[in-house]
Every structure is written in C-alpha cells, then in structure tokens.
>>> print(open('query-v9.txt').read())   # compact mmCIF, C-alpha atoms
# COMPACT_ATOMS: atom_id res chain seq x y z
CA MET A 1 -61.11 -75.76 -212.82
CA PHE A 2 -60.39 -72.12 -212.16
CA MET A 3 -61.64 -70.51 -215.32
CA GLY A 4 -63.48 -67.67 -213.60
CA SER A 5 -67.20 -67.74 -212.95
CA THR A 6 -70.16 -66.78 -210.81
CA ASN A 7 -71.14 -68.67 -207.70
CA THR A 8 -72.58 -68.43 -204.17
CA SER A 9 -73.36 -70.91 -201.43
CA PHE A 10 -75.99 -71.11 -198.73
CA THR A 11 -75.58 -74.14 -196.49
CA LEU A 12 -78.22 -75.47 -194.11
CA ARG A 13 -77.83 -78.17 -191.48
CA VAL A 14 -80.56 -79.36 -189.12
CA THR A 15 -80.36 -80.41 -185.48
CA ARG A 16 -83.06 -81.55 -182.99
CA ARG A 17 -85.29 -78.84 -181.70
CA SER A 18 -88.69 -77.60 -182.79
CA PRO A 19 -90.52 -79.08 -185.82
CA SER A 20 -91.54 -75.57 -186.85
CA ARG A 21 -87.96 -74.85 -187.84
CA TYR A 22 -88.12 -77.70 -190.31
CA GLY A 23 -90.94 -75.97 -192.12
CA ILE A 24 -89.08 -72.67 -192.21
CA VAL A 25 -85.90 -74.29 -193.53
CA ALA A 26 -87.74 -76.31 -196.16
CA ALA A 27 -89.70 -73.27 -197.37
CA ILE A 28 -86.59 -71.10 -197.70
CA THR A 29 -84.72 -73.86 -199.53
CA LEU A 30 -87.52 -74.47 -202.03
CA CYS A 31 -88.09 -70.78 -202.71
CA VAL A 32 -84.44 -69.90 -203.24
CA SER A 33 -83.77 -73.03 -205.27
CA GLY A 34 -86.75 -72.35 -207.50
CA ILE A 35 -85.62 -68.80 -208.22
CA VAL A 36 -82.09 -69.87 -209.08
CA CYS A 37 -83.17 -72.78 -211.29
CA GLN A 38 -85.13 -70.41 -213.51
CA ALA A 39 -82.01 -68.35 -214.21
CA PRO A 40 -79.38 -69.22 -216.85
CA GLY A 41 -75.91 -70.19 -215.74
CA GLN A 42 -73.15 -72.78 -215.90
CA GLY A 43 -72.07 -75.52 -213.53
CA SER A 44 -68.80 -76.45 -211.85
CA ALA A 45 -68.19 -79.96 -213.26
CA GLY A 46 -66.63 -81.25 -216.46
CA THR A 47 -64.55 -79.49 -219.10
CA ASP A 48 -67.52 -77.29 -220.04
CA GLY A 49 -67.94 -76.06 -216.47
CA LYS A 50 -67.45 -72.31 -216.14
CA LEU A 51 -67.66 -72.04 -212.35
CA GLU A 52 -64.69 -72.50 -210.07
CA PRO A 53 -65.37 -75.41 -207.66
CA ARG A 54 -65.19 -74.03 -204.12
CA PHE A 55 -65.22 -77.41 -202.41
CA LEU A 56 -63.98 -80.91 -203.11
CA VAL A 57 -66.43 -82.85 -200.91
CA ASP A 58 -66.16 -81.34 -197.43
CA LEU A 59 -62.86 -79.51 -197.87
CA PRO A 60 -62.33 -76.08 -199.46
CA THR A 61 -60.42 -75.39 -202.66
CA ALA A 62 -58.96 -72.09 -203.85
CA GLY A 63 -62.06 -71.57 -205.99
CA MET A 64 -63.88 -68.25 -205.68
CA LEU A 65 -67.11 -66.56 -206.62
CA ASP A 66 -66.84 -63.75 -209.14
CA LYS A 67 -67.88 -60.29 -208.09
CA GLY A 68 -71.64 -59.99 -208.45
CA SER A 69 -72.30 -63.74 -208.39
CA TYR A 70 -73.90 -66.06 -205.86
CA ALA A 71 -74.62 -69.74 -205.25
CA VAL A 72 -76.99 -71.76 -203.11
CA ASP A 73 -75.57 -75.08 -201.84
CA VAL A 74 -77.82 -77.78 -200.38
CA ASP A 75 -76.41 -80.88 -198.66
CA PHE A 76 -78.52 -83.93 -197.77
CA TYR A 77 -76.69 -86.18 -195.31
CA GLN A 78 -77.31 -89.09 -192.95
CA GLN A 79 -79.97 -89.04 -190.23
CA GLY A 80 -82.26 -86.93 -192.38
CA GLY A 81 -79.85 -84.00 -192.29
CA VAL A 82 -80.09 -80.94 -194.51
CA LEU A 83 -77.54 -78.13 -194.74
CA VAL A 84 -78.18 -75.03 -196.86
CA GLY A 85 -75.64 -72.30 -197.56
CA PHE A 86 -75.74 -68.97 -199.38
CA SER A 87 -72.55 -67.19 -200.50
CA ALA A 88 -71.91 -64.11 -202.60
CA GLY A 89 -68.97 -62.53 -204.36
CA LEU A 90 -69.12 -58.99 -203.02
CA PHE A 91 -65.82 -57.76 -204.46
CA GLU A 92 -63.07 -59.04 -206.69
CA ARG A 93 -61.22 -61.78 -204.77
CA PHE A 94 -63.61 -61.58 -201.78
CA SER A 95 -66.70 -63.61 -200.91
CA ILE A 96 -68.81 -64.16 -197.81
CA GLY A 97 -71.55 -66.59 -196.89
CA LEU A 98 -73.88 -68.02 -194.24
CA SER A 99 -75.14 -71.56 -193.67
CA TYR A 100 -77.60 -73.30 -191.39
CA GLY A 101 -79.32 -76.64 -190.99
CA GLY A 102 -79.63 -79.71 -188.83
CA SER A 103 -80.51 -83.38 -188.51
CA ASN A 104 -83.81 -85.29 -188.66
CA LEU A 105 -85.35 -82.77 -191.03
CA ILE A 106 -86.27 -85.68 -193.29
CA GLY A 107 -88.18 -88.42 -191.47
CA ASN A 108 -90.51 -88.60 -188.49
CA ASP A 109 -88.08 -87.80 -185.65
CA SER A 110 -87.97 -84.39 -184.01
CA PRO A 111 -85.59 -82.03 -185.88
CA VAL A 112 -82.33 -81.13 -184.15
CA MET A 113 -81.19 -77.71 -185.30
CA ASN A 114 -77.62 -76.43 -185.23
CA ASP A 115 -76.87 -74.05 -182.38
CA VAL A 116 -75.75 -71.18 -184.61
CA PRO A 117 -75.42 -70.47 -188.33
CA GLY A 118 -72.11 -71.10 -190.01
CA VAL A 119 -70.06 -68.22 -191.41
CA ASN A 120 -67.55 -68.37 -194.24
CA VAL A 121 -65.22 -65.74 -195.67
CA ARG A 122 -62.72 -66.16 -198.52
CA VAL A 123 -59.97 -63.92 -199.88
CA ARG A 124 -58.00 -64.76 -203.03
CA VAL A 125 -54.39 -63.84 -202.26
CA LEU A 126 -52.80 -65.15 -205.45
CA GLU A 127 -54.26 -65.79 -208.88
CA GLU A 128 -53.23 -68.95 -210.69
CA ASN A 129 -50.84 -68.72 -213.63
CA VAL A 130 -48.56 -71.14 -215.47
CA PHE A 131 -46.08 -71.31 -212.60
CA VAL A 132 -48.04 -70.28 -209.50
CA PRO A 133 -51.11 -71.97 -207.94
CA ALA A 134 -54.14 -70.01 -206.80
CA LEU A 135 -54.02 -69.22 -203.07
CA VAL A 136 -57.06 -68.51 -200.89
CA VAL A 137 -57.16 -67.78 -197.18
CA GLY A 138 -60.36 -67.68 -195.19
CA PHE A 139 -62.52 -68.69 -192.28
CA ASP A 140 -65.33 -71.26 -192.20
CA SER A 141 -67.20 -72.16 -189.00
CA GLN A 142 -69.51 -74.70 -190.67
CA GLY A 143 -68.80 -78.32 -189.73
CA ARG A 144 -70.21 -81.34 -191.57
CA ASP A 145 -72.53 -84.31 -191.02
CA GLY A 146 -74.51 -82.69 -188.24
CA GLN A 147 -73.85 -81.19 -184.84
CA ILE A 148 -73.37 -83.48 -181.85
CA PRO A 149 -75.88 -82.40 -179.15
CA GLY A 150 -74.22 -80.91 -176.09
CA SER A 151 -70.70 -81.17 -177.51
CA HIS A 152 -70.30 -77.76 -179.22
CA ARG A 153 -68.85 -79.49 -182.27
CA TYR A 154 -69.85 -81.18 -185.51
CA VAL A 155 -69.17 -84.80 -186.44
CA ILE A 156 -66.60 -83.44 -188.90
CA LYS A 157 -65.06 -80.34 -187.39
CA SER A 158 -65.33 -77.05 -189.23
CA PRO A 159 -62.18 -75.82 -191.01
CA GLY A 160 -61.94 -72.64 -188.94
CA LEU A 161 -59.02 -70.59 -190.25
CA PHE A 162 -57.65 -72.10 -193.44
CA GLY A 163 -55.32 -71.56 -196.37
CA VAL A 164 -55.50 -73.62 -199.56
CA ILE A 165 -53.70 -73.73 -202.90
CA SER A 166 -55.08 -75.14 -206.16
CA LYS A 167 -53.32 -75.84 -209.46
CA ASN A 168 -54.85 -77.04 -212.73
CA TYR A 169 -53.25 -79.04 -215.53
CA SER A 170 -54.37 -80.12 -218.98
CA LEU A 171 -54.55 -83.93 -218.98
CA MET A 172 -57.26 -85.47 -221.15
CA GLY A 173 -59.42 -82.63 -219.95
CA TYR A 174 -58.40 -81.05 -216.65
CA LEU A 175 -56.60 -82.37 -213.58
CA SER A 176 -56.79 -80.17 -210.48
CA LEU A 177 -54.62 -80.61 -207.38
CA HIS A 178 -55.48 -79.05 -204.02
CA GLY A 179 -53.71 -78.82 -200.68
CA GLY A 180 -54.29 -76.84 -197.52
CA VAL A 181 -53.90 -76.28 -193.81
CA ASN A 182 -56.55 -75.35 -191.24
CA TYR A 183 -57.05 -74.61 -187.55
CA SER A 184 -60.51 -75.38 -186.17
CA PHE A 185 -62.03 -73.57 -183.20
CA GLU A 186 -64.07 -76.64 -182.23
CA ARG A 187 -61.78 -77.59 -179.36
CA SER A 188 -64.13 -78.81 -176.63
CA ASP A 189 -62.46 -82.24 -176.88
CA GLY A 190 -59.11 -80.69 -175.93
CA ASP A 191 -57.51 -81.36 -179.35
CA ARG A 192 -56.09 -78.10 -180.68
CA ASP A 193 -53.75 -79.45 -183.34
CA ILE A 194 -53.30 -77.88 -186.75
CA ASN A 195 -54.69 -80.02 -189.57
CA PHE A 196 -53.58 -80.54 -193.17
CA PHE A 197 -55.64 -81.81 -196.11
CA GLY A 198 -55.47 -82.48 -199.82
CA GLY A 199 -57.45 -83.63 -202.81
CA VAL A 200 -57.67 -84.11 -206.56
CA GLU A 201 -60.34 -83.51 -209.19
CA LYS A 202 -60.39 -85.02 -212.70
CA THR A 203 -62.83 -84.11 -215.43
CA LEU A 204 -64.52 -87.00 -217.24
CA GLY A 205 -65.82 -85.35 -220.37
CA PRO A 206 -67.86 -82.15 -220.79
CA PHE A 207 -70.22 -82.56 -217.84
CA LEU A 208 -68.65 -84.95 -215.28
CA SER A 209 -65.88 -84.71 -212.70
CA LEU A 210 -64.48 -87.24 -210.24
CA VAL A 211 -63.25 -85.91 -206.90
CA LEU A 212 -61.16 -87.50 -204.14
CA GLU A 213 -60.09 -85.84 -200.88
CA TYR A 214 -58.25 -86.83 -197.72
CA ASN A 215 -58.72 -85.17 -194.35
CA PRO A 216 -56.31 -86.76 -191.83
CA ALA A 217 -58.28 -85.08 -189.00
CA LEU A 218 -55.15 -84.41 -186.98
CA ASN A 219 -57.30 -82.18 -184.78
CA ASP A 220 -59.62 -85.07 -183.93
CA ASN A 221 -57.34 -87.94 -182.89
CA SER A 222 -57.02 -87.43 -179.13
CA ASP A 223 -58.44 -89.69 -176.41
CA ASN A 224 -61.81 -87.98 -176.89
CA ALA A 225 -61.78 -88.35 -180.67
CA ILE A 226 -64.83 -89.52 -182.58
CA GLY A 227 -62.79 -91.30 -185.22
CA LYS A 228 -60.27 -94.14 -185.19
CA GLY A 229 -57.26 -92.06 -186.23
CA ARG A 230 -57.35 -93.02 -189.93
CA GLY A 231 -58.67 -89.72 -191.19
CA TYR A 232 -61.51 -89.28 -193.66
CA VAL A 233 -61.33 -90.37 -197.29
CA ASN A 234 -64.19 -88.95 -199.35
CA ALA A 235 -65.09 -89.21 -203.02
CA ALA A 236 -67.72 -87.66 -205.26
CA LEU A 237 -69.02 -87.83 -208.80
CA LYS A 238 -70.19 -84.39 -209.93
CA CYS A 239 -72.51 -83.80 -212.86
CA MET A 240 -73.30 -80.44 -214.45
CA LEU A 241 -77.01 -80.38 -215.29
CA GLY A 242 -77.09 -76.95 -216.90
CA SER A 243 -79.00 -73.80 -215.91
CA GLY A 244 -76.43 -73.22 -213.17
CA VAL A 245 -77.11 -76.58 -211.49
CA THR A 246 -74.45 -79.11 -210.45
CA LEU A 247 -75.36 -82.37 -208.71
CA ALA A 248 -72.86 -84.44 -206.71
CA ALA A 249 -73.23 -88.01 -205.44
CA GLU A 250 -70.83 -88.26 -202.50
CA PHE A 251 -69.31 -91.31 -200.81
CA LYS A 252 -67.82 -90.31 -197.48
CA ASP A 253 -65.58 -92.00 -194.93
CA LEU A 254 -64.35 -94.71 -197.29
CA ALA A 255 -61.67 -95.62 -194.72
CA ARG A 256 -64.39 -96.21 -192.08
CA ASN A 257 -62.79 -93.82 -189.64
CA GLY A 258 -66.01 -92.72 -187.94
CA GLY A 259 -66.99 -94.43 -184.72
CA GLY A 260 -69.05 -97.51 -185.50
CA ALA A 261 -68.83 -96.98 -189.27
CA THR A 262 -69.17 -100.23 -191.24
CA ALA A 263 -69.63 -98.74 -194.71
CA ALA A 264 -69.19 -95.49 -196.59
CA THR A 265 -71.83 -92.80 -196.06
CA ARG A 266 -73.83 -91.76 -199.13
CA THR A 267 -74.78 -88.10 -199.34
CA VAL A 268 -76.00 -85.68 -202.01
CA HIS A 269 -74.96 -82.11 -202.77
CA ILE A 270 -76.75 -79.69 -205.09
CA GLU A 271 -75.27 -76.38 -206.23
CA PHE A 272 -77.34 -73.60 -207.83
CA ALA A 273 -75.27 -70.69 -209.20
CA HIS A 274 -75.99 -67.43 -211.00
CA SER A 275 -75.11 -63.74 -211.24
CA PHE A 276 -76.97 -60.92 -209.51
>>> encode(input="query-v9.txt", output="structure tokens")
Amino acid sequence: MFMGSTNTSFTLRVTRRSPSRYGIVAAITLCVSGIVCQAPGQGSAGTDGKLEPRFLVDLPTAGMLDKGSYAVDVDFYQQGGVLVGFSAGLFERFSIGLSYGGSNLIGNDSPVMNDVPGVNVRVRVLEENVFVPALVVGFDSQGRDGQIPGSHRYVIKSPGLFGVISKNYSLMGYLSLHGGVNYSFERSDGDRDINFFGGVEKTLGPFLSLVLEYNPALNDNSDNAIGKGRGYVNAALKCMLGSGVTLAAEFKDLARNGGGATAATRTVHIEFAHSF
C-alpha cells in the first residue's frame, strides 16, 4: 500500500571467489541489521503497514522511500546465496541504493561473489490519487538468484531501465495492482527484447500480505535462454514483525520455467526499515 513511509534497501548476493569475502559480507549484514532492529519503525505488510512496498517478489513496484529514510534488504536464496541491499530516500520522490552478494555463502563450498555491486535508482513521476496510479521510473542492475559464472548475467536478469505503475483499492483491507515494462542490459545471450511484468498484493489482516507476480521473461526466451519460455510465476507471504522488520517467505518459479526445475524454489527475504 502506498501510504507514505520510510524505507531503504541494501541487497547482497554472493558468487564463488574467496572465502574471506564471505566473512566481510556476513559481518556487514549482522552489524547493519542489528543497528536497524534496535530502532522503532513500521513494516510493509498488512493493513497496519506504513511503508510502501518497493518490490513484489523480484519485480519492482511504484513504492518509494520517504526523504530521510532507509532500508536494509537481505535475501537468502538457493545454493547458499545471500544478497544484501541498502537504499536511501535522499530527496522527495528520489531514492538510490547499492546491493552486493553471491552464492555458496552458506555451506561448505567456496563462495562465488558477484562481479560488481548492483545499483538502483528510482524517481516518482506521478503520485497516486483516486483516478491516477503512482508512476515510478528507474534503473536497477541487480539480477536475482545468483550470477552465472562467465556469462555476465544473473539467473533472473536484472530489470535495467524500468517503468512501473501501482494502484491501490479498498477491498476487505487493501488490494494493490502493479504493472510495468523494463529493458535489461544483460544481453550476452543475444536477446535484447523489451519485457513486461505484472503483479498483485492483497492484505490478509493487520500484519500479513499475499503477493503474486508474473515475469514473462520476454528478454530470456531465445535459443540461448535459461528458461523454457513459460516465464516466472512467483508468490510470497509477507509478515510485519514490528520494529521496522518485515519477513517474507517466497515461493519462486511456480511454473517450473527454470532449466531443470522440478519444484518451486523456496527463498526468504527480510526487510529492516527506519528513518535517519
């Protein structure tokens, strides 16, 4: 729901390189998370949530951070992957963030770190009102589910340039509809198509929200595609825990689009949010 709030994200993903990086990443994550958890704040799930959700599961919404707010986002994904992001609302209608991480950070295999940090920038072009949806344009170079070694791309390509609209309705709580378009710069596979996406979020009482998104992955359906051409269907159950903490249990690739996928992938996302 876009009720105005304070939020920032720092995303970390791990790829295979030196084990020392694992220690650095883990230390930063624990320190920042501990600081944020001690501060008061509200979450981004349920009818009592005061923060605008900035993501469905992988895909962006038109949610924004308020000026002077920040959030730390931590994703735990398959193959022992961890992705940590930090974002801040620097001005009204403008936020910026960085993310980094990799695979095999959890477990006994050698960590594989991402080549470069991810960068995200958002600008709110239109504010939502009774007749008009919120509109955000931005750039996000952070892909999902880990980087594929030697391929210069992530398993799920980064959004790149994107525009997204979000509209909220009162329906036994709140019902939020989202739709967008994006152009990724991960084009080493030769697929340069524009992609479209959409999703829905429904509150389930004061502290819970159910989320569903569809990414047709039109920019990843060529002969060199990872997937099977079905696109990615992802769902999540988000729970606001208080003190600026929101926890999400995510179920990704329900359509089994990924190469060799036989079941949905289970991942976890934690958001810590507060004001400066």
>>> residues_around(input="query-v9.txt", residues="Ala217 (chain A)", least_positions_apart="6", cutoff="9 Å", atoms="all atoms listed in the file", output="list of chain:residue names")
A:Ile156, A:Lys157, A:Asn195, A:Phe196, A:Phe197, A:Gly227, A:Gly229, A:Arg230, A:Gly231, A:Tyr232
>>> residues_around(input="query-v9.txt", residues="Ile270 (chain A)", least_positions_apart="2", cutoff="6 Å", atoms="only C-alpha atoms", output="list in words")
Asp73, Val74, Thr246 and Leu247 of chain A
>>> atom_distance(input="query-v9.txt", atom1="CA of Phe86 (chain A)", atom2="CA of Asn129 (chain A)")
28.7 Å
>>> residues_around(input="query-v9.txt", residues="Val200 (chain A)", least_positions_apart="4", cutoff="12 Å", atoms="all atoms listed in the file", output="JSON, numbers by chain")
{"A": [1, 53, 55, 56, 57, 59, 60, 61, 165, 166, 167, 168, 169, 174, 175, 176, 177, 178, 179, 209, 210, 211, 212, 213, 214, 233, 234, 235, 236]}
>>> atom_distance(input="query-v9.txt", atom1="CA of Gly138 (chain A)", atom2="CA of Val121 (chain A)")
5.3 Å
>>> residues_around(input="query-v9.txt", residues="Asp66 (chain A)", least_positions_apart="2", cutoff="12 Å", atoms="all atoms listed in the file", output="PDB file with C-alpha atoms, keeping the file's coordinate frame")
ATOM      1  CA  PHE A   2     -60.390 -72.120-212.160  1.00  0.00           C
ATOM      2  CA  MET A   3     -61.640 -70.510-215.320  1.00  0.00           C
ATOM      3  CA  GLY A   4     -63.480 -67.670-213.600  1.00  0.00           C
ATOM      4  CA  SER A   5     -67.200 -67.740-212.950  1.00  0.00           C
ATOM      5  CA  THR A   6     -70.160 -66.780-210.810  1.00  0.00           C
ATOM      6  CA  ASN A   7     -71.140 -68.670-207.700  1.00  0.00           C
ATOM      7  CA  THR A   8     -72.580 -68.430-204.170  1.00  0.00           C
ATOM      8  CA  LYS A  50     -67.450 -72.310-216.140  1.00  0.00           C
ATOM      9  CA  LEU A  51     -67.660 -72.040-212.350  1.00  0.00           C
ATOM     10  CA  GLU A  52     -64.690 -72.500-210.070  1.00  0.00           C
ATOM     11  CA  PRO A  53     -65.370 -75.410-207.660  1.00  0.00           C
ATOM     12  CA  ARG A  54     -65.190 -74.030-204.120  1.00  0.00           C
ATOM     13  CA  GLY A  63     -62.060 -71.570-205.990  1.00  0.00           C
ATOM     14  CA  MET A  64     -63.880 -68.250-205.680  1.00  0.00           C
ATOM     15  CA  GLY A  68     -71.640 -59.990-208.450  1.00  0.00           C
ATOM     16  CA  SER A  69     -72.300 -63.740-208.390  1.00  0.00           C
ATOM     17  CA  TYR A  70     -73.900 -66.060-205.860  1.00  0.00           C
ATOM     18  CA  ALA A  71     -74.620 -69.740-205.250  1.00  0.00           C
ATOM     19  CA  SER A  87     -72.550 -67.190-200.500  1.00  0.00           C
ATOM     20  CA  ALA A  88     -71.910 -64.110-202.600  1.00  0.00           C
ATOM     21  CA  GLY A  89     -68.970 -62.530-204.360  1.00  0.00           C
ATOM     22  CA  LEU A  90     -69.120 -58.990-203.020  1.00  0.00           C
ATOM     23  CA  PHE A  91     -65.820 -57.760-204.460  1.00  0.00           C
ATOM     24  CA  GLU A  92     -63.070 -59.040-206.690  1.00  0.00           C
ATOM     25  CA  ARG A  93     -61.220 -61.780-204.770  1.00  0.00           C
ATOM     26  CA  PHE A  94     -63.610 -61.580-201.780  1.00  0.00           C
ATOM     27  CA  SER A  95     -66.700 -63.610-200.910  1.00  0.00           C
ATOM     28  CA  ILE A  96     -68.810 -64.160-197.810  1.00  0.00           C
ATOM     29  CA  ARG A 122     -62.720 -66.160-198.520  1.00  0.00           C
ATOM     30  CA  VAL A 123     -59.970 -63.920-199.880  1.00  0.00           C
ATOM     31  CA  ARG A 124     -58.000 -64.760-203.030  1.00  0.00           C
ATOM     32  CA  ALA A 273     -75.270 -70.690-209.200  1.00  0.00           C
ATOM     33  CA  HIS A 274     -75.990 -67.430-211.000  1.00  0.00           C
ATOM     34  CA  SER A 275     -75.110 -63.740-211.240  1.00  0.00           C
ATOM     35  CA  PHE A 276     -76.970 -60.920-209.510  1.00  0.00           C
TER      36      PHE A 276
END
>>> residues_near_point(input="query-v9.txt", point="(-74.8, -76.1, -192.5)", cutoff="10 Å", atoms="only C-alpha atoms", output="ChimeraX atom specification")
/A:10-15,73-75,81-86,98-102,113-114,116-119,141-147,154
>>> write_last_selection(input="query-v9.txt", atoms="C-alpha atoms", output="PDB file, in the coordinates of the input")
ATOM      1  CA  PHE A  10     -75.990 -71.110-198.730  1.00  0.00           C
ATOM      2  CA  THR A  11     -75.580 -74.140-196.490  1.00  0.00           C
ATOM      3  CA  LEU A  12     -78.220 -75.470-194.110  1.00  0.00           C
ATOM      4  CA  ARG A  13     -77.830 -78.170-191.480  1.00  0.00           C
ATOM      5  CA  VAL A  14     -80.560 -79.360-189.120  1.00  0.00           C
ATOM      6  CA  THR A  15     -80.360 -80.410-185.480  1.00  0.00           C
ATOM      7  CA  ASP A  73     -75.570 -75.080-201.840  1.00  0.00           C
ATOM      8  CA  VAL A  74     -77.820 -77.780-200.380  1.00  0.00           C
ATOM      9  CA  ASP A  75     -76.410 -80.880-198.660  1.00  0.00           C
ATOM     10  CA  GLY A  81     -79.850 -84.000-192.290  1.00  0.00           C
ATOM     11  CA  VAL A  82     -80.090 -80.940-194.510  1.00  0.00           C
ATOM     12  CA  LEU A  83     -77.540 -78.130-194.740  1.00  0.00           C
ATOM     13  CA  VAL A  84     -78.180 -75.030-196.860  1.00  0.00           C
ATOM     14  CA  GLY A  85     -75.640 -72.300-197.560  1.00  0.00           C
ATOM     15  CA  PHE A  86     -75.740 -68.970-199.380  1.00  0.00           C
ATOM     16  CA  LEU A  98     -73.880 -68.020-194.240  1.00  0.00           C
ATOM     17  CA  SER A  99     -75.140 -71.560-193.670  1.00  0.00           C
ATOM     18  CA  TYR A 100     -77.600 -73.300-191.390  1.00  0.00           C
ATOM     19  CA  GLY A 101     -79.320 -76.640-190.990  1.00  0.00           C
ATOM     20  CA  GLY A 102     -79.630 -79.710-188.830  1.00  0.00           C
ATOM     21  CA  MET A 113     -81.190 -77.710-185.300  1.00  0.00           C
ATOM     22  CA  ASN A 114     -77.620 -76.430-185.230  1.00  0.00           C
ATOM     23  CA  VAL A 116     -75.750 -71.180-184.610  1.00  0.00           C
ATOM     24  CA  PRO A 117     -75.420 -70.470-188.330  1.00  0.00           C
ATOM     25  CA  GLY A 118     -72.110 -71.100-190.010  1.00  0.00           C
ATOM     26  CA  VAL A 119     -70.060 -68.220-191.410  1.00  0.00           C
ATOM     27  CA  SER A 141     -67.200 -72.160-189.000  1.00  0.00           C
ATOM     28  CA  GLN A 142     -69.510 -74.700-190.670  1.00  0.00           C
ATOM     29  CA  GLY A 143     -68.800 -78.320-189.730  1.00  0.00           C
ATOM     30  CA  ARG A 144     -70.210 -81.340-191.570  1.00  0.00           C
ATOM     31  CA  ASP A 145     -72.530 -84.310-191.020  1.00  0.00           C
ATOM     32  CA  GLY A 146     -74.510 -82.690-188.240  1.00  0.00           C
ATOM     33  CA  GLN A 147     -73.850 -81.190-184.840  1.00  0.00           C
ATOM     34  CA  TYR A 154     -69.850 -81.180-185.510  1.00  0.00           C
TER      35      TYR A 154
END
>>> atom_distance(input="query-v9.txt", atom1="CA of Val112 (chain A)", atom2="CA of Leu218 (chain A)")
27.5 Å
>>> closest_residue(input="query-v9.txt", among="A:Pro216, A:Leu241, A:Leu161, A:Pro133", to="Ala255 (chain A)", atoms="all atoms listed in the file")
A:Pro216
>>> residues_around(input="query-v9.txt", residues="region 188-194 of chain A", least_positions_apart="3", cutoff="6 Å", atoms="only C-alpha atoms", output="list of chain:residue names")
A:Tyr183, A:Asn219, A:Asn224
>>> decode(input="query-v9.txt", residues="region 49-62 of chain A", atoms="N, CA and C atoms", output="PDB file, in the first residue's frame")
ATOM      1  N   GLY A  49       0.583  -1.781   7.922  1.00  0.00           N
ATOM      2  CA  GLY A  49       1.891  -1.419   7.384  1.00  0.00           C
ATOM      3  C   GLY A  49       1.928   0.039   6.961  1.00  0.00           C
ATOM      4  N   LYS A  50       2.976   0.733   7.311  1.00  0.00           N
ATOM      5  CA  LYS A  50       3.119   2.149   6.981  1.00  0.00           C
ATOM      6  C   LYS A  50       4.155   2.408   5.895  1.00  0.00           C
ATOM      7  N   LEU A  51       4.882   1.383   5.504  1.00  0.00           N
ATOM      8  CA  LEU A  51       5.896   1.529   4.459  1.00  0.00           C
ATOM      9  C   LEU A  51       5.339   1.113   3.112  1.00  0.00           C
ATOM     10  N   GLU A  52       5.733   1.812   2.077  1.00  0.00           N
ATOM     11  CA  GLU A  52       5.332   1.438   0.732  1.00  0.00           C
ATOM     12  C   GLU A  52       6.185   0.259   0.266  1.00  0.00           C
ATOM     13  N   PRO A  53       5.583  -0.878  -0.091  1.00  0.00           N
ATOM     14  CA  PRO A  53       6.367  -1.993  -0.634  1.00  0.00           C
ATOM     15  C   PRO A  53       7.054  -1.572  -1.934  1.00  0.00           C
ATOM     16  N   ARG A  54       8.356  -1.793  -2.000  1.00  0.00           N
ATOM     17  CA  ARG A  54       9.116  -1.418  -3.203  1.00  0.00           C
ATOM     18  C   ARG A  54       9.279  -2.567  -4.183  1.00  0.00           C
ATOM     19  N   PHE A  55       8.988  -3.768  -3.709  1.00  0.00           N
ATOM     20  CA  PHE A  55       9.094  -4.956  -4.553  1.00  0.00           C
ATOM     21  C   PHE A  55       7.892  -5.858  -4.301  1.00  0.00           C
ATOM     22  N   LEU A  56       7.522  -6.618  -5.303  1.00  0.00           N
ATOM     23  CA  LEU A  56       6.581  -7.722  -5.108  1.00  0.00           C
ATOM     24  C   LEU A  56       7.387  -8.893  -4.557  1.00  0.00           C
ATOM     25  N   VAL A  57       7.973  -9.707  -5.433  1.00  0.00           N
ATOM     26  CA  VAL A  57       8.970 -10.706  -5.032  1.00  0.00           C
ATOM     27  C   VAL A  57      10.311 -10.282  -5.627  1.00  0.00           C
ATOM     28  N   ASP A  58      10.473 -10.469  -6.936  1.00  0.00           N
ATOM     29  CA  ASP A  58      11.670  -9.974  -7.612  1.00  0.00           C
ATOM     30  C   ASP A  58      11.433  -8.636  -8.297  1.00  0.00           C
ATOM     31  N   LEU A  59      10.201  -8.364  -8.681  1.00  0.00           N
ATOM     32  CA  LEU A  59       9.878  -7.233  -9.538  1.00  0.00           C
ATOM     33  C   LEU A  59       9.582  -5.970  -8.741  1.00  0.00           C
ATOM     34  N   PRO A  60       9.907  -4.796  -9.320  1.00  0.00           N
ATOM     35  CA  PRO A  60       9.668  -3.536  -8.614  1.00  0.00           C
ATOM     36  C   PRO A  60       8.203  -3.116  -8.663  1.00  0.00           C
ATOM     37  N   THR A  61       7.799  -2.349  -7.670  1.00  0.00           N
ATOM     38  CA  THR A  61       6.512  -1.660  -7.660  1.00  0.00           C
ATOM     39  C   THR A  61       6.807  -0.161  -7.781  1.00  0.00           C
ATOM     40  N   ALA A  62       5.752   0.645  -7.686  1.00  0.00           N
ATOM     41  CA  ALA A  62       5.934   2.096  -7.687  1.00  0.00           C
ATOM     42  C   ALA A  62       6.131   2.627  -6.274  1.00  0.00           C
TER      43      ALA A  62
END
